[in-house]
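All remarks here apply to the structure that follows.
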Amino acid sequence: MSAPTIQVGEGGKVSGHGLALAGVSVEQDAAYWEWHLEMPDDGSLGEVQFGVSTRKDSKFYAALEANEENEEDGTALMKVIPDIKGGDVVGVAVQQADLPMIQFLLNGEPLHDLAINRFRGTVYPSIHLPDGVTAKVVFNEDDFTEMSPHARFGPLMVSRGII
């Protein structure tokens with residue numbers, strides 16, 4: 001569940017401010033998706049955070065709003081990508097098999113210094129937006145504008161129960 005200040009539009013467009021989570025968890029061993037950024041009216045994107053987050057509920061957001069000093073704001077598995085601008089594409093590659101890891105790419109170039117190692121649990125693709133920024137999440141491989149960092153990183157798929 002995303003923050004109540006987040007608006008989700010058609011085609012995966014997300015705007016508002018706060019934490020936005022996709023409605024599908026990362027279940028496969030290696031997954032890749034992209035965030036396409038749009039330039040706000042004032043020309044500044046501010047600090048946008050990308051990555052994954054654990055599931056949140058309305059109680060989490062109410063507690064967060066009531067206590068500004070809360071250390072757990074849902075962004076522990078997210079990173080600010082420096083020097084982004086409108087039109088940029090941020091790729092997120094999540095590997096859960098051998099060494100759980102989150103990798104970030106800016107316009108197809110790996111950002112090795114920002115990688116996050118060793119995480120656990122069920123996670124959801126996430127973005128933390130400042131006011132005025134709009135981003136579009138892309139899960140469909142045909143709509144990717146960049147290549148994933150390795151062939152094993154396929155597009156995020158909706159998991160299905162076998163039983």
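Ordering of the structure tokens sets the chain letters (A, B, ...), residue numbers begin anew at 1 in every chain, and ligands are numbered from 1 in the order given.
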query: So which residues touch Asn140 of chain A within 12 Å, counting only C-alpha atoms, skipping near sequence neighbours fewer than 6 positions away, as a ChimeraX atom specification?
result: /A:11-12,31-35,146,154-158
Save the residues we just selected, N, CA, C and O atoms, as a CSV table (one decimal), in the first residue's frame?
```csv
chain,number,residue,atom,x,y,z
A,11,GLY,N,-1.3,3.7,-16.8
A,11,GLY,CA,0.0,3.3,-17.4
A,11,GLY,C,1.1,3.3,-16.4
A,11,GLY,O,2.3,3.4,-16.8
A,12,GLY,N,0.8,3.2,-15.1
A,12,GLY,CA,1.9,3.1,-14.1
A,12,GLY,C,2.5,4.5,-13.7
A,12,GLY,O,3.5,4.5,-13.1
A,31,ALA,N,14.9,-10.1,-11.0
A,31,ALA,CA,13.9,-9.2,-11.6
A,31,ALA,C,14.5,-7.9,-12.0
A,31,ALA,O,15.4,-7.4,-11.3
A,32,TYR,N,13.9,-7.3,-13.0
A,32,TYR,CA,14.4,-5.9,-13.4
A,32,TYR,C,13.1,-5.1,-13.8
A,32,TYR,O,12.2,-5.6,-14.4
A,33,TRP,N,13.2,-3.8,-13.5
A,33,TRP,CA,12.1,-2.9,-13.9
A,33,TRP,C,12.7,-1.5,-14.0
A,33,TRP,O,13.9,-1.3,-13.6
A,34,GLU,N,12.0,-0.6,-14.6
A,34,GLU,CA,12.5,0.8,-14.8
A,34,GLU,C,11.5,1.8,-14.3
A,34,GLU,O,10.3,1.6,-14.3
A,35,TRP,N,12.1,3.0,-13.9
A,35,TRP,CA,11.3,4.1,-13.6
A,35,TRP,C,11.7,5.2,-14.6
A,35,TRP,O,12.9,5.6,-14.7
A,146,GLU,N,16.2,0.6,-21.6
A,146,GLU,CA,17.6,0.2,-21.4
A,146,GLU,C,17.6,-1.3,-21.2
A,146,GLU,O,16.6,-2.0,-21.0
A,154,GLY,N,15.0,-10.9,-15.6
A,154,GLY,CA,13.9,-10.7,-16.5
A,154,GLY,C,12.9,-9.7,-15.9
A,154,GLY,O,13.1,-9.2,-14.8
A,155,PRO,N,11.9,-9.3,-16.7
A,155,PRO,CA,10.9,-8.4,-16.2
A,155,PRO,C,10.2,-9.0,-14.9
A,155,PRO,O,10.0,-10.2,-14.8
A,156,LEU,N,9.7,-8.1,-14.1
A,156,LEU,CA,9.0,-8.6,-12.9
A,156,LEU,C,7.7,-9.2,-13.3
A,156,LEU,O,7.0,-8.7,-14.2
A,157,MET,N,7.5,-10.4,-12.7
A,157,MET,CA,6.3,-11.2,-13.1
A,157,MET,C,5.4,-11.3,-11.9
A,157,MET,O,5.8,-11.4,-10.8
A,158,VAL,N,4.1,-11.3,-12.1
A,158,VAL,CA,3.1,-11.5,-11.0
A,158,VAL,C,3.2,-13.0,-10.6
A,158,VAL,O,3.1,-13.9,-11.5
```
Residues of segment 2-44 of chain A at most 10 Å from segment 84-100 of chain A: nearest atom pair and distance in Å, only C-alpha atoms, as JSON lines:
```
{"residue": "A:Val26", "atom": "CA", "partner": "A:Val94", "partner_atom": "CA", "distance": 8.0}
{"residue": "A:Glu27", "atom": "CA", "partner": "A:Gln96", "partner_atom": "CA", "distance": 8.5}
{"residue": "A:Gln28", "atom": "CA", "partner": "A:Gln96", "partner_atom": "CA", "distance": 7.5}
{"residue": "A:Asp29", "atom": "CA", "partner": "A:Gln96", "partner_atom": "CA", "distance": 4.9}
{"residue": "A:Ala30", "atom": "CA", "partner": "A:Gln95", "partner_atom": "CA", "distance": 4.3}
{"residue": "A:Ala31", "atom": "CA", "partner": "A:Val94", "partner_atom": "CA", "distance": 5.3}
{"residue": "A:Tyr32", "atom": "CA", "partner": "A:Ala93", "partner_atom": "CA", "distance": 4.4}
{"residue": "A:Trp33", "atom": "CA", "partner": "A:Val92", "partner_atom": "CA", "distance": 5.5}
{"residue": "A:Glu34", "atom": "CA", "partner": "A:Gly91", "partner_atom": "CA", "distance": 4.4}
{"residue": "A:Trp35", "atom": "CA", "partner": "A:Val90", "partner_atom": "CA", "distance": 5.1}
{"residue": "A:His36", "atom": "CA", "partner": "A:Val89", "partner_atom": "CA", "distance": 4.7}
{"residue": "A:Leu37", "atom": "CA", "partner": "A:Gly86", "partner_atom": "CA", "distance": 5.3}
{"residue": "A:Glu38", "atom": "CA", "partner": "A:Gly86", "partner_atom": "CA", "distance": 4.6}
{"residue": "A:Met39", "atom": "CA", "partner": "A:Gly86", "partner_atom": "CA", "distance": 4.0}
{"residue": "A:Pro40", "atom": "CA", "partner": "A:Gly86", "partner_atom": "CA", "distance": 7.6}
{"residue": "A:Gly43", "atom": "CA", "partner": "A:Gly86", "partner_atom": "CA", "distance": 8.0}
{"residue": "A:Ser44", "atom": "CA", "partner": "A:Lys85", "partner_atom": "CA", "distance": 7.4}
```
Go ahead and write the selection's residues with all heavy atoms as a CSV table (one decimal), in the first residue's frame.
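Contents of the output file selection.csv:
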```csv
chain,number,residue,atom,x,y,z
A,26,VAL,N,8.3,-9.0,-5.3
A,26,VAL,CA,9.4,-9.6,-6.1
A,26,VAL,C,9.5,-11.1,-5.6
A,26,VAL,O,10.0,-11.3,-4.5
A,26,VAL,CB,10.7,-8.8,-5.9
A,26,VAL,CG1,11.8,-9.5,-6.8
A,26,VAL,CG2,10.5,-7.4,-6.3
A,27,GLU,N,9.1,-12.0,-6.4
A,27,GLU,CA,9.1,-13.4,-6.0
A,27,GLU,C,10.2,-14.2,-6.7
A,27,GLU,O,10.7,-15.2,-6.3
A,27,GLU,CB,7.8,-14.1,-6.2
A,27,GLU,CG,6.6,-13.5,-5.4
A,27,GLU,CD,6.7,-13.9,-3.9
A,27,GLU,OE1,7.3,-14.9,-3.6
A,27,GLU,OE2,6.2,-13.1,-3.1
A,28,GLN,N,10.6,-13.8,-7.9
A,28,GLN,CA,11.5,-14.5,-8.7
A,28,GLN,C,12.9,-14.3,-8.3
A,28,GLN,O,13.2,-13.3,-7.5
A,28,GLN,CB,11.3,-14.2,-10.2
A,28,GLN,CG,11.6,-12.7,-10.6
A,28,GLN,CD,10.7,-12.2,-11.6
A,28,GLN,OE1,9.5,-12.0,-11.4
A,28,GLN,NE2,11.3,-11.9,-12.8
A,29,ASP,N,13.8,-15.1,-8.7
A,29,ASP,CA,15.3,-15.0,-8.3
A,29,ASP,C,15.9,-13.8,-8.8
A,29,ASP,O,16.8,-13.2,-8.1
A,29,ASP,CB,16.0,-16.2,-8.8
A,29,ASP,CG,15.7,-17.5,-8.1
A,29,ASP,OD1,15.2,-17.4,-7.0
A,29,ASP,OD2,16.1,-18.6,-8.6
A,30,ALA,N,15.6,-13.3,-9.9
A,30,ALA,CA,16.2,-12.1,-10.5
A,30,ALA,C,15.2,-11.3,-11.3
A,30,ALA,O,14.6,-11.9,-12.2
A,30,ALA,CB,17.4,-12.4,-11.3
A,31,ALA,N,14.9,-10.1,-11.0
A,31,ALA,CA,13.9,-9.2,-11.6
A,31,ALA,C,14.5,-7.9,-12.0
A,31,ALA,O,15.4,-7.4,-11.3
A,31,ALA,CB,12.7,-9.1,-10.8
A,32,TYR,N,13.9,-7.3,-13.0
A,32,TYR,CA,14.4,-5.9,-13.4
A,32,TYR,C,13.1,-5.1,-13.8
A,32,TYR,O,12.2,-5.6,-14.4
A,32,TYR,CB,15.3,-6.0,-14.6
A,32,TYR,CG,15.7,-4.7,-15.2
A,32,TYR,CD1,16.7,-4.0,-14.7
A,32,TYR,CD2,15.1,-4.2,-16.4
A,32,TYR,CE1,17.1,-2.8,-15.2
A,32,TYR,CE2,15.5,-3.0,-17.0
A,32,TYR,CZ,16.5,-2.3,-16.4
A,32,TYR,OH,16.9,-1.1,-16.9
A,33,TRP,N,13.2,-3.8,-13.5
A,33,TRP,CA,12.1,-2.9,-13.9
A,33,TRP,C,12.7,-1.5,-14.0
A,33,TRP,O,13.9,-1.3,-13.6
A,33,TRP,CB,10.9,-2.9,-12.9
A,33,TRP,CG,11.2,-2.4,-11.5
A,33,TRP,CD1,11.2,-1.2,-11.0
A,33,TRP,CD2,11.6,-3.3,-10.4
A,33,TRP,NE1,11.5,-1.2,-9.7
A,33,TRP,CE2,11.8,-2.5,-9.3
A,33,TRP,CE3,11.8,-4.7,-10.3
A,33,TRP,CZ2,12.2,-3.0,-8.1
A,33,TRP,CZ3,12.2,-5.2,-9.1
A,33,TRP,CH2,12.4,-4.3,-8.0
A,34,GLU,N,12.0,-0.6,-14.6
A,34,GLU,CA,12.5,0.8,-14.8
A,34,GLU,C,11.5,1.8,-14.3
A,34,GLU,O,10.3,1.6,-14.3
A,34,GLU,CB,12.7,1.0,-16.3
A,34,GLU,CG,13.8,0.2,-17.0
A,34,GLU,CD,14.0,0.5,-18.5
A,34,GLU,OE1,13.1,1.1,-19.1
A,34,GLU,OE2,15.0,0.0,-19.0
A,35,TRP,N,12.1,3.0,-13.9
A,35,TRP,CA,11.3,4.1,-13.6
A,35,TRP,C,11.7,5.2,-14.6
A,35,TRP,O,12.9,5.6,-14.7
A,35,TRP,CB,11.7,4.6,-12.2
A,35,TRP,CG,11.2,3.7,-11.1
A,35,TRP,CD1,11.9,2.8,-10.4
A,35,TRP,CD2,9.9,3.7,-10.6
A,35,TRP,NE1,11.1,2.2,-9.5
A,35,TRP,CE2,9.9,2.7,-9.6
A,35,TRP,CE3,8.7,4.4,-10.8
A,35,TRP,CZ2,8.8,2.4,-8.8
A,35,TRP,CZ3,7.6,4.1,-10.1
A,35,TRP,CH2,7.6,3.1,-9.1
A,36,HIS,N,10.7,5.7,-15.3
A,36,HIS,CA,11.0,6.8,-16.3
A,36,HIS,C,10.5,8.1,-15.6
A,36,HIS,O,9.4,8.2,-15.2
A,36,HIS,CB,10.2,6.6,-17.6
A,36,HIS,CG,10.6,5.3,-18.3
A,36,HIS,ND1,10.2,5.1,-19.6
A,36,HIS,CD2,11.3,4.3,-17.9
A,36,HIS,CE1,10.7,3.9,-20.0
A,36,HIS,NE2,11.4,3.4,-18.9
A,37,LEU,N,11.4,9.1,-15.5
A,37,LEU,CA,11.2,10.3,-14.8
A,37,LEU,C,10.7,11.5,-15.7
A,37,LEU,O,11.2,11.6,-16.8
A,37,LEU,CB,12.4,10.7,-14.0
A,37,LEU,CG,12.9,9.7,-13.1
A,37,LEU,CD1,14.3,10.0,-12.6
A,37,LEU,CD2,12.0,9.5,-11.9
A,38,GLU,N,9.7,12.2,-15.2
A,38,GLU,CA,9.3,13.4,-15.9
A,38,GLU,C,9.7,14.7,-15.2
A,38,GLU,O,9.7,14.7,-13.9
A,38,GLU,CB,7.7,13.4,-16.0
A,38,GLU,CG,7.3,12.2,-16.9
A,38,GLU,CD,5.7,12.2,-17.1
A,38,GLU,OE1,5.1,13.2,-16.7
A,38,GLU,OE2,5.3,11.2,-17.6
A,39,MET,N,10.0,15.7,-15.9
A,39,MET,CA,10.5,16.9,-15.3
A,39,MET,C,9.3,17.7,-14.7
A,39,MET,O,8.3,17.9,-15.4
A,39,MET,CB,11.2,17.8,-16.4
A,39,MET,CG,11.7,19.1,-15.9
A,39,MET,SD,13.0,18.9,-14.7
A,39,MET,CE,14.4,18.5,-15.8
A,40,PRO,N,9.4,18.1,-13.5
A,40,PRO,CA,8.4,19.0,-12.9
A,40,PRO,C,8.4,20.4,-13.4
A,40,PRO,O,9.4,20.8,-14.1
A,40,PRO,CB,8.7,18.9,-11.4
A,40,PRO,CG,10.1,18.7,-11.3
A,40,PRO,CD,10.5,17.8,-12.5
A,43,GLY,N,11.5,22.5,-12.8
A,43,GLY,CA,12.8,22.1,-13.3
A,43,GLY,C,13.7,21.3,-12.4
A,43,GLY,O,14.7,20.9,-12.8
A,44,SER,N,13.3,21.1,-11.2
A,44,SER,CA,14.1,20.4,-10.2
A,44,SER,C,13.4,19.1,-9.7
A,44,SER,O,12.3,19.1,-9.4
A,44,SER,CB,14.3,21.3,-9.0
A,44,SER,OG,14.5,20.6,-7.8
```
query: So which residues of chain A fall under strand (DSSP E or B) by DSSP, listed as an MDAnalysis selection string?
result: chainID A and resid 6:8 13:16 18:21 30:38 49:53 78:80 89:95 101:106 109:110 116:117 124:129 134:138 154:155
query: What lies within 7 Å of segment 16-22 of chain A using only C-alpha atoms, ignoring chain neighbours under 6 positions off, as a PyMOL selection string?
result: chain A and resi 1-3+5-7+124-132
message: I need the residues of chain A that end up classed as alpha helix (DSSP H) by DSSP on the backbone, written out as a list in words.
response: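 Residues meeting the alpha helix (DSSP H) criterion: Ser58, Lys59, Phe60, Tyr61, Ala62, Ala63, Leu64, Glu65 and Ala66 of chain A.
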Dump N, CA, C and O atoms for the selected residues as a PDB file, in the first residue's frame?
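Listing of out.pdb after writing:
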```
ATOM      1  N   SER A  58      -2.109   1.089   6.433  1.00  0.00           N
ATOM      2  CA  SER A  58      -2.563   2.415   6.855  1.00  0.00           C
ATOM      3  C   SER A  58      -2.065   2.774   8.251  1.00  0.00           C
ATOM      4  O   SER A  58      -1.803   3.941   8.537  1.00  0.00           O
ATOM      5  N   LYS A  59      -1.902   1.783   9.130  1.00  0.00           N
ATOM      6  CA  LYS A  59      -1.371   2.055  10.476  1.00  0.00           C
ATOM      7  C   LYS A  59       0.055   2.578  10.412  1.00  0.00           C
ATOM      8  O   LYS A  59       0.444   3.457  11.166  1.00  0.00           O
ATOM      9  N   PHE A  60       0.862   2.039   9.480  1.00  0.00           N
ATOM     10  CA  PHE A  60       2.242   2.504   9.311  1.00  0.00           C
ATOM     11  C   PHE A  60       2.251   3.983   8.930  1.00  0.00           C
ATOM     12  O   PHE A  60       2.989   4.777   9.501  1.00  0.00           O
ATOM     13  N   TYR A  61       1.429   4.371   7.950  1.00  0.00           N
ATOM     14  CA  TYR A  61       1.413   5.759   7.489  1.00  0.00           C
ATOM     15  C   TYR A  61       0.859   6.698   8.557  1.00  0.00           C
ATOM     16  O   TYR A  61       1.331   7.823   8.690  1.00  0.00           O
ATOM     17  N   ALA A  62      -0.124   6.249   9.314  1.00  0.00           N
ATOM     18  CA  ALA A  62      -0.655   7.074  10.400  1.00  0.00           C
ATOM     19  C   ALA A  62       0.415   7.309  11.467  1.00  0.00           C
ATOM     20  O   ALA A  62       0.584   8.428  11.957  1.00  0.00           O
ATOM     21  N   ALA A  63       1.153   6.263  11.827  1.00  0.00           N
ATOM     22  CA  ALA A  63       2.230   6.401  12.818  1.00  0.00           C
ATOM     23  C   ALA A  63       3.343   7.287  12.284  1.00  0.00           C
ATOM     24  O   ALA A  63       3.915   8.105  13.019  1.00  0.00           O
ATOM     25  N   LEU A  64       3.643   7.164  11.017  1.00  0.00           N
ATOM     26  CA  LEU A  64       4.684   7.980  10.400  1.00  0.00           C
ATOM     27  C   LEU A  64       4.299   9.454  10.410  1.00  0.00           C
ATOM     28  O   LEU A  64       5.117  10.322  10.701  1.00  0.00           O
ATOM     29  N   GLU A  65       3.042   9.732  10.104  1.00  0.00           N
ATOM     30  CA  GLU A  65       2.567  11.110  10.089  1.00  0.00           C
ATOM     31  C   GLU A  65       2.535  11.703  11.499  1.00  0.00           C
ATOM     32  O   GLU A  65       2.868  12.867  11.700  1.00  0.00           O
ATOM     33  N   ALA A  66       2.171  10.907  12.488  1.00  0.00           N
ATOM     34  CA  ALA A  66       2.085  11.390  13.864  1.00  0.00           C
ATOM     35  C   ALA A  66       3.451  11.620  14.493  1.00  0.00           C
ATOM     36  O   ALA A  66       3.613  12.481  15.350  1.00  0.00           O
TER      37      ALA A  66
END
```
For Ile81 of chain A, the nearest of the candidates A:Val52, A:Leu45, A:Met101, A:Val133, counting only C-alpha atoms: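 Looking at the shortest contact to Ile81 of chain A, the residue is A:Leu45.
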message: Between A:Met147, A:Val8, A:Val14, A:Ile102, which residue has the minimum interatomic distance to Gly51 of chain A, considering only C-alpha atoms?
response: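 Nearest to Gly51 of chain A: A:Ile102.
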message: So, with only C-alpha atoms as the atoms that count, which of A:Arg152, A:Ala115, A:Gly9, A:Val80 lies closest to Gly46 of chain A?
response: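 Smallest separation from Gly46 of chain A among the options: A:Val80.
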task: Could you please determine the separation between atom CA of Pro149 of chain A and atom CA of Phe104 of chain A in Å, to one decimal place?
output: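 Computing the Euclidean distance for atom CA of Pro149 of chain A and atom CA of Phe104 of chain A yields 9.2 Å.
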